[in-house]
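Chemist: Hey, dropping my_file-v3.pdb in here, PDB, C-alpha atoms, pLDDT in the B column:
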ATOM      1  CA  MET C   1     -94.851-139.082 -36.248  1.00 59.00           C
ATOM      2  CA  THR C   2     -94.524-140.561 -32.766  1.00 73.00           C
ATOM      3  CA  GLU C   3     -96.910-139.640 -30.050  1.00 79.00           C
ATOM      4  CA  ALA C   4     -96.055-139.237 -26.399  1.00 76.00           C
ATOM      5  CA  PRO C   5     -97.249-142.080 -24.155  1.00 76.00           C
ATOM      6  CA  PRO C   6    -100.375-141.388 -22.147  1.00 75.00           C
ATOM      7  CA  PRO C   7     -99.766-139.926 -18.676  1.00 75.00           C
ATOM      8  CA  VAL C   8     -99.555-142.373 -15.805  1.00 64.00           C
ATOM      9  CA  PRO C   9    -102.552-142.047 -13.485  1.00 60.00           C
ATOM     10  CA  PRO C  10    -101.827-141.334  -9.795  1.00 55.00           C
ATOM     11  CA  PRO C  11    -101.954-144.311  -7.445  1.00 54.00           C
ATOM     12  CA  GLN C  12    -105.443-145.174  -6.321  1.00 56.00           C
ATOM     13  CA  THR C  13    -106.356-144.991  -2.658  1.00 58.00           C
ATOM     14  CA  PRO C  14    -109.156-147.003  -1.056  1.00 57.00           C
ATOM     15  CA  ALA C  15    -112.574-145.502  -0.517  1.00 56.00           C
ATOM     16  CA  GLY C  16    -112.409-142.469   1.709  1.00 64.00           C
ATOM     17  CA  GLY C  17    -109.014-141.325   0.409  1.00 80.00           C
ATOM     18  CA  VAL C  18    -106.974-143.012   3.150  1.00 89.00           C
ATOM     19  CA  LYS C  19    -103.858-145.149   2.845  1.00 94.00           C
ATOM     20  CA  PRO C  20    -104.266-148.923   3.110  1.00 95.00           C
ATOM     21  CA  HIS C  21    -103.278-150.455   6.434  1.00 95.00           C
ATOM     22  CA  ARG C  22    -100.127-152.566   6.905  1.00 96.00           C
ATOM     23  CA  GLY C  23    -101.487-154.599   9.798  1.00 96.00           C
ATOM     24  CA  THR C  24    -100.541-157.968   8.338  1.00 96.00           C
ATOM     25  CA  ALA C  25     -96.956-156.882   7.702  1.00 97.00           C
ATOM     26  CA  VAL C  26     -96.641-155.451  11.221  1.00 97.00           C
ATOM     27  CA  LEU C  27     -98.026-158.658  12.740  1.00 97.00           C
ATOM     28  CA  VAL C  28     -95.696-160.892  10.708  1.00 97.00           C
ATOM     29  CA  LEU C  29     -92.698-158.779  11.721  1.00 97.00           C
ATOM     30  CA  GLY C  30     -93.794-158.875  15.366  1.00 97.00           C
ATOM     31  CA  ILE C  31     -94.082-162.668  15.321  1.00 96.00           C
ATOM     32  CA  LEU C  32     -90.699-162.989  13.606  1.00 96.00           C
ATOM     33  CA  GLY C  33     -89.294-160.760  16.339  1.00 95.00           C
ATOM     34  CA  LEU C  34     -90.599-163.158  18.963  1.00 94.00           C
ATOM     35  CA  VAL C  35     -89.325-166.252  17.196  1.00 93.00           C
ATOM     36  CA  CYS C  36     -85.964-165.408  15.731  1.00 90.00           C
ATOM     37  CA  CYS C  37     -84.861-161.847  15.060  1.00 88.00           C
ATOM     38  CA  VAL C  38     -84.832-158.842  17.369  1.00 90.00           C
ATOM     39  CA  ILE C  39     -84.501-156.490  14.380  1.00 95.00           C
ATOM     40  CA  CYS C  40     -87.919-157.618  13.096  1.00 96.00           C
ATOM     41  CA  GLY C  41     -89.407-156.881  16.519  1.00 95.00           C
ATOM     42  CA  ILE C  42     -87.966-153.368  16.536  1.00 96.00           C
ATOM     43  CA  ILE C  43     -89.284-152.726  13.012  1.00 97.00           C
ATOM     44  CA  ALA C  44     -92.751-154.003  14.029  1.00 97.00           C
ATOM     45  CA  TRP C  45     -92.725-151.747  17.091  1.00 97.00           C
ATOM     46  CA  VAL C  46     -91.808-148.653  15.065  1.00 97.00           C
ATOM     47  CA  MET C  47     -94.135-149.407  12.135  1.00 97.00           C
ATOM     48  CA  GLY C  48     -97.004-150.252  14.477  1.00 97.00           C
ATOM     49  CA  SER C  49     -96.610-147.027  16.428  1.00 97.00           C
ATOM     50  CA  LYS C  50     -96.500-144.928  13.260  1.00 97.00           C
ATOM     51  CA  ASP C  51     -99.473-146.689  11.683  1.00 97.00           C
ATOM     52  CA  LEU C  52    -101.614-146.437  14.814  1.00 97.00           C
ATOM     53  CA  LYS C  53    -100.954-142.682  14.920  1.00 97.00           C
ATOM     54  CA  GLU C  54    -101.999-142.405  11.277  1.00 96.00           C
ATOM     55  CA  MET C  55    -105.139-144.455  11.963  1.00 95.00           C
ATOM     56  CA  ALA C  56    -106.039-142.179  14.858  1.00 95.00           C
ATOM     57  CA  ALA C  57    -105.513-139.151  12.612  1.00 94.00           C
ATOM     58  CA  GLY C  58    -107.780-140.666   9.957  1.00 93.00           C
ATOM     59  CA  THR C  59    -105.153-140.885   7.215  1.00 95.00           C
ATOM     60  CA  MET C  60    -104.891-144.707   7.252  1.00 96.00           C
ATOM     61  CA  ASP C  61    -107.538-147.413   6.929  1.00 95.00           C
ATOM     62  CA  ARG C  62    -108.685-148.427  10.424  1.00 94.00           C
ATOM     63  CA  SER C  63    -109.780-151.931   9.426  1.00 95.00           C
ATOM     64  CA  GLY C  64    -106.284-153.250  10.257  1.00 95.00           C
ATOM     65  CA  GLU C  65    -106.087-151.655  13.687  1.00 95.00           C
ATOM     66  CA  GLY C  66    -106.325-154.947  15.570  1.00 96.00           C
ATOM     67  CA  LEU C  67    -103.593-156.587  13.497  1.00 97.00           C
ATOM     68  CA  THR C  68    -101.399-153.536  13.890  1.00 97.00           C
ATOM     69  CA  LYS C  69    -101.855-153.441  17.682  1.00 97.00           C
ATOM     70  CA  ALA C  70    -101.098-157.160  17.950  1.00 97.00           C
ATOM     71  CA  GLY C  71     -97.948-156.798  15.826  1.00 97.00           C
ATOM     72  CA  LYS C  72     -96.769-153.810  17.840  1.00 97.00           C
ATOM     73  CA  ILE C  73     -97.303-155.692  21.114  1.00 97.00           C
ATOM     74  CA  CYS C  74     -95.385-158.710  19.776  1.00 97.00           C
ATOM     75  CA  GLY C  75     -92.570-156.362  18.772  1.00 97.00           C
ATOM     76  CA  ILE C  76     -92.531-154.727  22.200  1.00 97.00           C
ATOM     77  CA  ILE C  77     -92.392-158.120  23.925  1.00 97.00           C
ATOM     78  CA  SER C  78     -89.744-159.482  21.559  1.00 96.00           C
ATOM     79  CA  VAL C  79     -87.106-156.839  22.284  1.00 94.00           C
ATOM     80  CA  PRO C  80     -86.511-157.509  26.013  1.00 95.00           C
ATOM     81  CA  LEU C  81     -87.047-161.229  25.451  1.00 94.00           C
ATOM     82  CA  GLN C  82     -84.313-161.378  22.805  1.00 92.00           C
ATOM     83  CA  VAL C  83     -81.994-159.250  24.968  1.00 92.00           C
ATOM     84  CA  LEU C  84     -82.589-161.680  27.839  1.00 94.00           C
ATOM     85  CA  TRP C  85     -81.707-164.645  25.595  1.00 92.00           C
ATOM     86  CA  ILE C  86     -78.518-162.906  24.493  1.00 92.00           C
ATOM     87  CA  ILE C  87     -77.519-162.274  28.123  1.00 96.00           C
ATOM     88  CA  VAL C  88     -78.260-165.905  29.048  1.00 96.00           C
ATOM     89  CA  GLY C  89     -76.157-167.073  26.102  1.00 95.00           C
ATOM     90  CA  ILE C  90     -73.242-164.884  27.152  1.00 96.00           C
ATOM     91  CA  LEU C  91     -73.457-166.106  30.753  1.00 96.00           C
ATOM     92  CA  LYS C  92     -73.535-169.741  29.584  1.00 95.00           C
ATOM     93  CA  ALA C  93     -70.501-169.155  27.375  1.00 94.00           C
ATOM     94  CA  MET C  94     -68.646-167.516  30.261  1.00 93.00           C
ATOM     95  CA  ALA C  95     -69.539-170.382  32.596  1.00 92.00           C
ATOM     96  CA  ALA C  96     -68.411-172.961  30.046  1.00 91.00           C
ATOM     97  CA  GLY C  97     -65.176-171.049  29.471  1.00 85.00           C
ATOM     98  CA  SER C  98     -64.387-170.813  33.166  1.00 84.00           C
ATOM     99  CA  ALA C  99     -65.176-174.521  33.671  1.00 80.00           C
ATOM    100  CA  GLN C 100     -62.658-175.441  30.950  1.00 81.00           C
ATOM    101  CA  MET C 101     -59.955-173.319  32.559  1.00 75.00           C
ATOM    102  CA  GLN C 102     -60.163-175.207  35.862  1.00 70.00           C
TER
END
Would you mind writing the file out in structure tokens?
Modeler:
Amino acid sequence: MTEAPPPVPPPQTPAGGVKPHRGTAVLVLGILGLVCCVICGIIAWVMGSKDLKEMAAGTMDRSGEGLTKAGKICGIISVPLQVLWIIVGILKAMAAGSAQMQ
């Protein structure tokens, strides 16, 4: 006779019943947004905002608040910076194209 497998226990939460913070992930995404990829900056901005709201509500571990704020700020800075670089690149390409036509 086969027996049913034991039930899977629910995922464990840290002490206090709150979700673990994602501060490190937000910070890494924010830095990547500054260095190479605007999409990473946008993701850091959104994740950081959501996580900070959850921390303020008491549903997420507050020990990563500093990392989360830093990642969100890097994400916020990265978006206009990357847009500026794209505009500069387009203007350079247009200038090079018009110089070749003359």
Chemist: If I take CA of Leu32 in chain C and CA of Leu52 in chain C, how far is one from the other in Å, to one decimal?
Modeler: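 Spanning CA of Leu32 in chain C to CA of Leu52 in chain C is a straight-line distance of 19.9 Å.
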Chemist: Step by step, work through what the PyMOL selection byres ((chain C and resi 20) around 9) selects in the shown file, and finish by giving those residues as a VMD selection string.
Modeler: chain C and resid 13 to 14 18 to 19 21 to 22 60 to 64
Chemist: For range 76-83 of chain C, list every protein, DNA or RNA residue within 8 Å, evaluated using all atoms listed in the file, and leave out those in the same chain fewer than 2 positions away; present the list as a PDB file with C-alpha atoms, in the frame of the given file.
Modeler:
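Here's the written file result14.pdb:
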ATOM      1  CA  GLY C  30     -93.794-158.875  15.366  1.00 97.00           C
ATOM      2  CA  GLY C  33     -89.294-160.760  16.339  1.00 95.00           C
ATOM      3  CA  LEU C  34     -90.599-163.158  18.963  1.00 94.00           C
ATOM      4  CA  CYS C  37     -84.861-161.847  15.060  1.00 88.00           C
ATOM      5  CA  VAL C  38     -84.832-158.842  17.369  1.00 90.00           C
ATOM      6  CA  GLY C  41     -89.407-156.881  16.519  1.00 95.00           C
ATOM      7  CA  ILE C  42     -87.966-153.368  16.536  1.00 96.00           C
ATOM      8  CA  TRP C  45     -92.725-151.747  17.091  1.00 97.00           C
ATOM      9  CA  LYS C  72     -96.769-153.810  17.840  1.00 97.00           C
ATOM     10  CA  ILE C  73     -97.303-155.692  21.114  1.00 97.00           C
ATOM     11  CA  CYS C  74     -95.385-158.710  19.776  1.00 97.00           C
ATOM     12  CA  TRP C  85     -81.707-164.645  25.595  1.00 92.00           C
ATOM     13  CA  ILE C  86     -78.518-162.906  24.493  1.00 92.00           C
ATOM     14  CA  ILE C  87     -77.519-162.274  28.123  1.00 96.00           C
TER      15      ILE C  87
END
Chemist: Mind telling me what the PyMOL selection byres ((chain C and resi 25) around 9) catches here, as a ChimeraX atom specification?
Modeler: /C:22-24,26-30,44,67-68,71
Chemist: I need the residue nearest Thr59 in chain C from this list: C:Lys92, C:Pro6, C:Gly17, C:Met101. Use all atoms listed in the file for the distance.
Modeler: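 Among C:Lys92, C:Pro6, C:Gly17, C:Met101, it is C:Gly17 that comes nearest to Thr59 in chain C.
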Chemist: State, in Å with one decimal place, the distance from CA of Ile43 in chain C to CA of Gly58 in chain C.
Modeler: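 If I compute the distance from CA of Ile43 in chain C to CA of Gly58 in chain C, I get 22.3 Å.
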Chemist: Between CA of Ile31 in chain C and CA of Ala93 in chain C, measure the distance and give it in Å to one decimal.
Modeler: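 Rounded to one decimal, the two atoms are 27.3 Å apart.
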Chemist: Output as JSON the centre and edge lengths (Å, one decimal) of the box along x, y and z of the file that holds every listed atom of range 32-43 of chain C after adding 4 Å on each side.
Modeler:
{"center_x": -87.6, "center_y": -159.5, "center_z": 16.0, "size_x": 14.2, "size_y": 21.5, "size_z": 14.0}
